[in-house]
Amino acid sequence: MSEYVIEMNHIRKEFPGIVANDDITLQLKKGEIHALLGENGAGKSTLMSVLFGLYQPEAGEIKKNGQVVKINNPNDATDLGIGMVHQHFKLIEVFTVLDNIILGAETTGAMGFLKKKEAREKVIALSEKYGLKVDVDAKVEDISVGMQQRVEILKMLYRDNEILIFDEPTAVLTPQEIDELMEIMRGFAKEGKSILFITHKLNEIMAVSDRVTVLRKGKYIGTVNTKDTNKQELSNMMVGRPVQLQIEKKEAHPGETVLKVEGLTVPSKIHKNNAVNNVSFEVKAGEILCIAGIDGNGQTELIYGLTGLEKATAGTITLCGKDISKASIRNRALSGMSHIPEDRHKHGLVLSYTLEQNIVLQKYKEPRFQNHGFIKFDEVREYAEKLIKEYDVRSGQGPITIARSMSGGNQQKAIIARELDREEPLLIAVQPTRGLDVGAIEHIHNQIVAERDKGHAVLLVSLELEEVMGLSDRILVIYEGEIVGEVDPKKTTAEELGLYMSGAKRQTEGGGADA
Amino acid sequence: MPRKDPLTGKIKWYKSEGAVAVYSALISILIGMAVGAVIVVIAGLSKANISTSGIVEGIKLVFLGVFSTGRDTAGHLTFGFNGVNLGNMLFRAVPLIMTGLSVAIAFKTGLFNIGAAGQYLMGTMGTLSVALWLGWAGTPKAIAWICAFLVGVALGGLWGCIPGLFKAFFNINEVITCIMTNWIAANLVTWWFDSHELFKNSAEGGKIGYVIPLKNVGVVTPKLLMDKIFAGSQANGGFWIAILIAIAMWVMMTKTTFGYELRACGANRHAAKYAGINDKKNIILSMAIAGCLAAAGASLYYLSGNTEFYWSTYQKLPAEGFNGIPVALLAANHPVGVIFSGIFMSMLNVSGIQLKYLTAYNEYISDIIVGVIVYLSAFSMLFKTMLSKRIKSDHGNVNAEPEPAAEEDAPGDTDEETEKGGQK
C-alpha cells in the first residue's frame with residue numbers, strides 16, 4: 001500500500017495559447033484535508049478537472065493507492081471513489097433534494113421502477129450521521145444556498161466516495177455556515193475520507209487543512225504542512241511577492257455629512273415584510289462607513305433603494321444637501337454618487353460590450369464623449385486607454401476586448417476604474433472584493449482608502465468580517481432589514497460583531513447594548 | 001484572443017467577427033441551395049413529364065434563375081443580363097429589406113419582433129388610404145406621396161408600440177402580444193377596406209377584393225434611374241430609399257448614444273438600468289422603430305403604383321412580415337447586411353418564377369429553398385462558433401503572452417450563464 005491515496009505526478013495540461021498546468025504534482029494522503037491554494041487562473045480548477053476526468057492531461061500520471069489509473073470521464077472518477085462539489089452547483093432546480101441525490105445512481109427494482117423508499121432511508125441516515133441537515137422532499141429551487149451545498153455533499157456520500165473534492169465551497173456561504181462546513185470536513189477526515197479543498201482564503205486553510213499545495217500561474221510552487229507555516233508565508237507563495245495582509249490606513253478625519261438617510265423602507269420581493277425597514281444613518285466626508293451583516297439581511301435592497309434601482313416606499317435620502325428620494329437613477333448618480341455594484345455581471349458590465357464601451361457606461365452622455373448624440377470614438381478610446389493604464393486593467397486586446405473574455409479580477413478593476421474616476425463625493429462599494437484573490441484585494445482596499453483620504457465619503461457593504469474590521473472607520477450592523485448596532489472597529493471584536501449579525505444582540509435607541 | 005496578426009497586433013479583416021458572420025451566412029445559403037437542387041432532382045425523377053435534361057435545366061435555374069433570358073430557337077436555356085428579372089429582384093427586395101431591418105433592430109435591443117406582419121399591414125392600410133384620398137383630392141403628387149408614406153410609417157410605429165408598452169410596463173412577452181397584434185391588424189385592415197366602397201377596385205372586371213392600385217391616382221415613387229438600368233421591370237426609387245434607411249439604421253445603432261443605449265438594453269437590461277438608462281423608454285422606442293421600418297416596407301411596395309392589395313387579410317398574414325426574420329438572421333442582424341440578405345431572398349423568389357415559366361417545375365421550389373435556409377439560419381450560430389474555433393486553433397500559438405483570462409474561459413466559463421439569467 002502506498003502512503004498516498006491519490007497521486008497526480010507531473011501533470012501538464014495545455015489550452016490553445018496557454019499552459020494551464022505545467023509539471024504539477026499533488027499527493028493526497030488518506031484521511032487528510034489537503035488544501036489547494038492559488039490565485040484565480042493559477043490552474044486549480046484545471047487540475048481538479050483532470051482528476052475528475054473532464055480533461056485529459058498531455059503529460060503525467062494519476063495513481064490511486066500506488067496503481068496507475070486512467071480517468072477518461074467523470075464516471076471513471078466516480079468508480080474510483082472520487083466525488084466533487086463544484087463551485088457552481090450541478091443541481092436540477094425543479095427536482096426534489098432526494099431526486100437530485102439519487103440522480104445517476106438510482107437503485108431500481110423489477111421493470112426499472114425506482115426504489116425511492118430505500119434511497120430515502122439511506123439519505124436520511126447519511127444526513128443524520130454527518131449532521132448534514134436537509135429537507136429531502138423540498139425542491140432545490142426553494143432551499144438556501146447552504147442547504148444546496150449539503151445536497152451536493154450528500155450526493156458524494158450516497159455514492160460512497162472516499163476522495164472528496166471541494167471547489168471553493170465557502171464562496172457562497174455565511175460565516176456560520178462556513179464554520180459548520182469546516183466541522184463536517186473534519187468529521188470526514190476523522191473517518192478516513194480524504195479531502196481536497198480548493199480555496200484562496202487563507203483563514204480557512206489555517207483553520208481546517210493538514211497540508212497545503214500552492215500553485216501559481218500554472219506552476220507548482222510547493223507543498224507545506226499547515227502547522228509549519230503562516231498566512232503571510234502562504235500568501236507570498238501564492239502571489240509571488242510579499243503581500244500586505246493588514247490594511248494600512250491613517251486616522252480618519254470625518255468632515256461634513258455627504259449622505260443622510262432617514263427612515264428608508266424598501267419592500268422585499270421575496271416575502272411580505274420590508275427588506276429594509278425604517279433605516280437611518282449618515283455618511284460623512286473622509287470616512288468609510290461599513291454596513292455589516294449576514295447575506296440576505298437587506299443589504300442588497302438598501303443599496304437598491306439608495307441608488308434608485310428599486311423604489312423605496314418611505315424615507316428620505318439627502319445627498320450633498322439635495323433631496324434625491326424621488327430622483328431617477330441617472331439624476332442620483334449625477335448628484336454625486338458612484339456605485340460599485342454587488343453583481344458585476346448583472347449590473348456592473350454589459351458583457352458583450354467592449355472594455356471601452358463599458359468604461360464610458362456612466363459617462364457616454366457627457367459632452368466630452370458625444371456631439372449631438374453622435375459618440376466621439378476617439379475621445380472614448382483615449383479615455384479608456386488612460387484608465388486602463390492608471391488602474392492596471394489587463395486584457396487581451398486593450399480597449400476593444402470584449403468584457404466577457406476578461407478575468408473576473410480585471411472585470412472588477414474596470415468597474416472600479418470607471419466609478420473611482422468619476423470623483424463623486426459619495427462612493428458606494430458593495431462587496432468590492434468578492435471572488436477576488438489576495439493580490440487584487442490588496443489593490444482594491446488601498447484604492448478605497450485613498451478615496452477616503454481624498455475626502456470622499458465611502459459606504460461599504462461587505463460580508464467578509466476581515467474586510468469589515470480592517471477597512472471601515474465605523475460599522476453599522478444590519479439584521480433583518482434593520483440597523484441593530486453601531487460599533488467602532490477599533491473597540492470591538494469579531495465575536496461581538498457576530499452576535500449583532502446573528503440578531504442575538506441589539507443596541508437600543510439610546511446607544512447602549514442589551515442582550 | 002489569438003486572432004491577431006503577429007506583426008501588427010491587429011485582427012486580420014478576413015478573420016474578424018464580421019467576416020465569420022458572412023461565412024456562416026454563406027454556408028447556410030449554399031446548403032439551402034444544394035438541398036433545393038436535390039429536391040429538383042427528386043421531383044424530376046418522380047415525374048414522368050420531366051426528362052433528365054429537364055432536371056439539369058431546373059438545377060441551372062435554381063442557381064442562375066435571375067440571369068435567365070429565356071430559350072433560344074433550338075429550345076436551350078439562355079443566360080445573360082436580364083434587366084426585367086434583376087429589376088424585379090430589387091423591387092421585391094424592398095419590403096424584405098425593410099421587415100428584415102425591423103426584426104434586426106428589435107433583436108439588437110433584445111426583443112423578438114414577430115409582429116412585422118401586422119405592422120406591415122397597418123402601413124399598407126395607411127399608405128393606400130391616404131394616397132388615394134389625397135390623389136382624388138388633387139393634392140400635389142409629391143406632397144401626397146410624402147403624406148401617404150409618413151402616415152403608413154406612423155401607423156406601423158404605433159402598432160409596434162403596443163407590444164413594447166406591454167413589455168415595458170407589465171413584462172408581458174413581446175412574442176405573444178406581437179402575434180395578437182398581427183391578427184388584430186389583419187382583421188382591422190379587412191374591416192377598413194370592406195366597409196369603404198370607394199377604395200375597392202371595381203373598374204377592372206374579375207378583380208374582386210383588390211384595392212385600387214396607386215398608379216390610378218398617380219401617387220407613385222419616382223423611378224430615380226431604375227427604369228434606365230432595369231428597363232421593363234418594376235424597380236423604382238424605393239430601392240434607394242430602403243438602402244438609405246438601412247445605412248441610417250446602421251449609423252444609429254453603432255455611432256450614436258441612442259444606439260449605444262438600445263444595444264445596452266438588449267445585451268443587459270440590468271446594467272443599462274444601473275447606468276441610468278431608461279430601459280422602459282428604450283424598449284418602447286425600439287419596438288416603435290421596428291414597427292415604422294416594417295410599415296415603411298409596405299408603403300414603398302404599394303407606392304410603386306402597380307402592386308395591388310388583396311384586402312381580405314384576415315385569413316392570411318403577409319409573408320413579407322415573417323420573411324423578415326430569416327433576412328435578419330442571415331445578416332446576423334447587421335443593418336447593412338440586411339440589404340444583401342434581402343436581395344438574396346428576393347432573388348430566390350425571381351428564380352422560382354423563372355422555373356415556373358421555363359420548365360415543368362413550379363415556383364414552390366424556391367419556397368422550399370427559403371424554408372431550408374430559414375432552418376439553417378438558426379444553425380448559423382453553430383457555424384459561427386465552429387468557424388471561430390477553427391480560426392482560433394489555426395493561430396493558437398501566435399500570441400506569446402498568455403492572458404489570465406484564457407484559463408478561466410476554457411473550463412466551464414460561467415459568464416454566459418450569469419448573463420442569460422440576468423436577461424430573463
# chains A, B, ... in the order shown; residues from 1 in each chain; ligands from 1
$ interface_residues --of "chain A" --to "chain B" --cutoff "8 Å" --atoms "only C-alpha atoms" --output "VMD selection string"
chain A and resid 15 to 18 20 41 43 45 to 46 309 328 to 331 333 345 to 353 361 to 362 364 to 365 370 373 to 375 395 to 397 404 to 407
$ select_by_dssp --residues "stretch 39-193 of chain A" --states "strand (DSSP E)" --output "MDAnalysis selection string"
chainID A and resid 59:64 67:69 82:85 163:167
$ atom_distance --atom1 "atom CA of B:Ala74" --atom2 "atom CA of B:Gly58"
17.5 Å
$ select_by_dssp --residues "stretch 33-275 of chain B" --states "alpha helix (DSSP H)" --output "ChimeraX atom specification"
/B:33-46,52-64,83-108,116-137,141-170,174-194,226-229,238-255,257-267,269-274
$ atom_distance --atom1 "atom CA of B:Ala231" --atom2 "atom CA of B:Phe91"
12.5 Å
$ residues_around --residues "A:Ile184" --least-positions-apart "2" --cutoff "8 Å" --atoms "only C-alpha atoms" --output "ChimeraX atom specification"
/A:130-132,180-182,186-188
$ residues_around --residues "A:Thr265" --least-positions-apart "4" --cutoff "6 Å" --atoms "only C-alpha atoms" --output "PDB file with N, CA and C atoms, in the first residue's frame"
ATOM      1  N   VAL A 276     -35.942  46.325   3.871  1.00  0.00           N
ATOM      2  CA  VAL A 276     -35.247  47.364   4.618  1.00  0.00           C
ATOM      3  C   VAL A 276     -36.319  48.128   5.367  1.00  0.00           C
ATOM      4  N   ASN A 277     -36.171  48.205   6.682  1.00  0.00           N
ATOM      5  CA  ASN A 277     -37.250  48.749   7.476  1.00  0.00           C
ATOM      6  C   ASN A 277     -36.770  49.945   8.292  1.00  0.00           C
ATOM      7  N   ASN A 278     -37.221  51.135   7.889  1.00  0.00           N
ATOM      8  CA  ASN A 278     -37.003  52.339   8.676  1.00  0.00           C
ATOM      9  C   ASN A 278     -35.534  52.521   9.066  1.00  0.00           C
ATOM     10  N   ALA A 312     -38.149  52.940  -3.097  1.00  0.00           N
ATOM     11  CA  ALA A 312     -38.361  52.906  -1.648  1.00  0.00           C
ATOM     12  C   ALA A 312     -39.790  53.339  -1.391  1.00  0.00           C
ATOM     13  N   THR A 313     -40.419  52.751  -0.368  1.00  0.00           N
ATOM     14  CA  THR A 313     -41.799  53.132  -0.084  1.00  0.00           C
ATOM     15  C   THR A 313     -41.874  54.263   0.926  1.00  0.00           C
ATOM     16  N   ALA A 314     -40.814  54.467   1.687  1.00  0.00           N
ATOM     17  CA  ALA A 314     -40.818  55.570   2.646  1.00  0.00           C
ATOM     18  C   ALA A 314     -39.388  56.022   2.900  1.00  0.00           C
TER      19      ALA A 314
END
$ residues_around --residues "stretch 75-87 of chain A" --least-positions-apart "3" --cutoff "6 Å" --atoms "only C-alpha atoms" --output "list in words"
Phe52, Ile71, Glu152, Met156, Asn161, Glu162, Ile163, Leu164, Ile165, Phe166, Asp167 and Glu168 of chain A
$ write_last_selection --atoms "C-alpha atoms" --output "PDB file, in the first residue's frame"
ATOM      1  CA  PHE A  52     -12.260  14.270 -12.280  1.00  0.00           C
ATOM      2  CA  ILE A  71      -9.589   8.575 -15.820  1.00  0.00           C
ATOM      3  CA  GLU A 152     -24.043  18.197  -3.167  1.00  0.00           C
ATOM      4  CA  MET A 156     -20.882  12.264  -2.889  1.00  0.00           C
ATOM      5  CA  ASN A 161     -16.937   8.320  -2.420  1.00  0.00           C
ATOM      6  CA  GLU A 162     -13.713   8.200  -0.441  1.00  0.00           C
ATOM      7  CA  ILE A 163     -11.960  11.136  -2.065  1.00  0.00           C
ATOM      8  CA  LEU A 164     -13.922  14.341  -1.789  1.00  0.00           C
ATOM      9  CA  ILE A 165     -13.064  17.453  -3.785  1.00  0.00           C
ATOM     10  CA  PHE A 166     -14.488  20.782  -2.615  1.00  0.00           C
ATOM     11  CA  ASP A 167     -14.087  23.536  -5.203  1.00  0.00           C
ATOM     12  CA  GLU A 168     -14.247  26.931  -3.450  1.00  0.00           C
TER      13      GLU A 168
END
$ residues_around --residues "A:Ile102" --least-positions-apart "6" --cutoff "10 Å" --atoms "only C-alpha atoms" --output "ChimeraX atom specification"
/A:114,116,119-120,123,154-155,158-159
$ atom_distance --atom1 "atom CA of A:Pro399" --atom2 "atom CA of A:Arg368"
17.8 Å
$ closest_residue --among "B:Ala19, B:Thr52, B:His76, B:Leu300" --to "B:Leu150" --atoms "only C-alpha atoms"
B:Leu300
$ residues_around --residues "A:Asp210" --least-positions-apart "2" --cutoff "12 Å" --atoms "only C-alpha atoms" --output "mmCIF file with C-alpha atoms, in the first residue's frame"
data_model
loop_
_atom_site.group_PDB
_atom_site.id
_atom_site.type_symbol
_atom_site.label_atom_id
_atom_site.label_comp_id
_atom_site.auth_asym_id
_atom_site.auth_seq_id
_atom_site.Cartn_x
_atom_site.Cartn_y
_atom_site.Cartn_z
ATOM 1 C CA LEU A 28 -3.129 13.236 -1.136
ATOM 2 C CA LYS A 29 -2.749 11.114 1.998
ATOM 3 C CA LYS A 30 -5.570 9.002 3.326
ATOM 4 C CA GLY A 31 -7.586 10.827 5.939
ATOM 5 C CA GLU A 32 -6.077 14.240 5.405
ATOM 6 C CA ILE A 33 -7.528 17.566 4.433
ATOM 7 C CA HIS A 34 -5.302 18.862 1.706
ATOM 8 C CA ALA A 35 -5.741 22.447 0.595
ATOM 9 C CA LEU A 36 -5.000 23.544 -2.941
ATOM 10 C CA MET A 185 -14.980 18.293 6.757
ATOM 11 C CA ARG A 186 -13.070 17.454 9.944
ATOM 12 C CA ALA A 189 -11.231 13.237 7.651
ATOM 13 C CA LYS A 190 -11.525 11.536 11.015
ATOM 14 C CA SER A 194 -9.523 12.188 2.058
ATOM 15 C CA ILE A 195 -10.391 15.752 1.182
ATOM 16 C CA LEU A 196 -9.058 18.116 -1.443
ATOM 17 C CA PHE A 197 -10.061 21.645 -0.576
ATOM 18 C CA GLU A 204 -9.941 28.615 6.140
ATOM 19 C CA ILE A 205 -6.746 26.844 5.193
ATOM 20 C CA MET A 206 -5.191 27.632 8.537
ATOM 21 C CA ALA A 207 -8.336 26.510 10.335
ATOM 22 C CA VAL A 208 -9.000 23.187 8.707
ATOM 23 C CA VAL A 212 -1.241 22.907 1.563
ATOM 24 C CA THR A 213 -0.125 22.731 -2.054
ATOM 25 C CA THR A 223 3.636 21.697 -0.531
ATOM 26 C CA VAL A 224 3.869 22.659 3.137
ATOM 27 C CA ASN A 225 2.483 21.390 6.429
ATOM 28 C CA THR A 226 -0.130 23.838 7.681
ATOM 29 C CA LYS A 227 1.206 23.831 11.208
ATOM 30 C CA ASP A 228 4.685 24.803 9.987
ATOM 31 C CA THR A 229 3.533 27.845 8.045
#
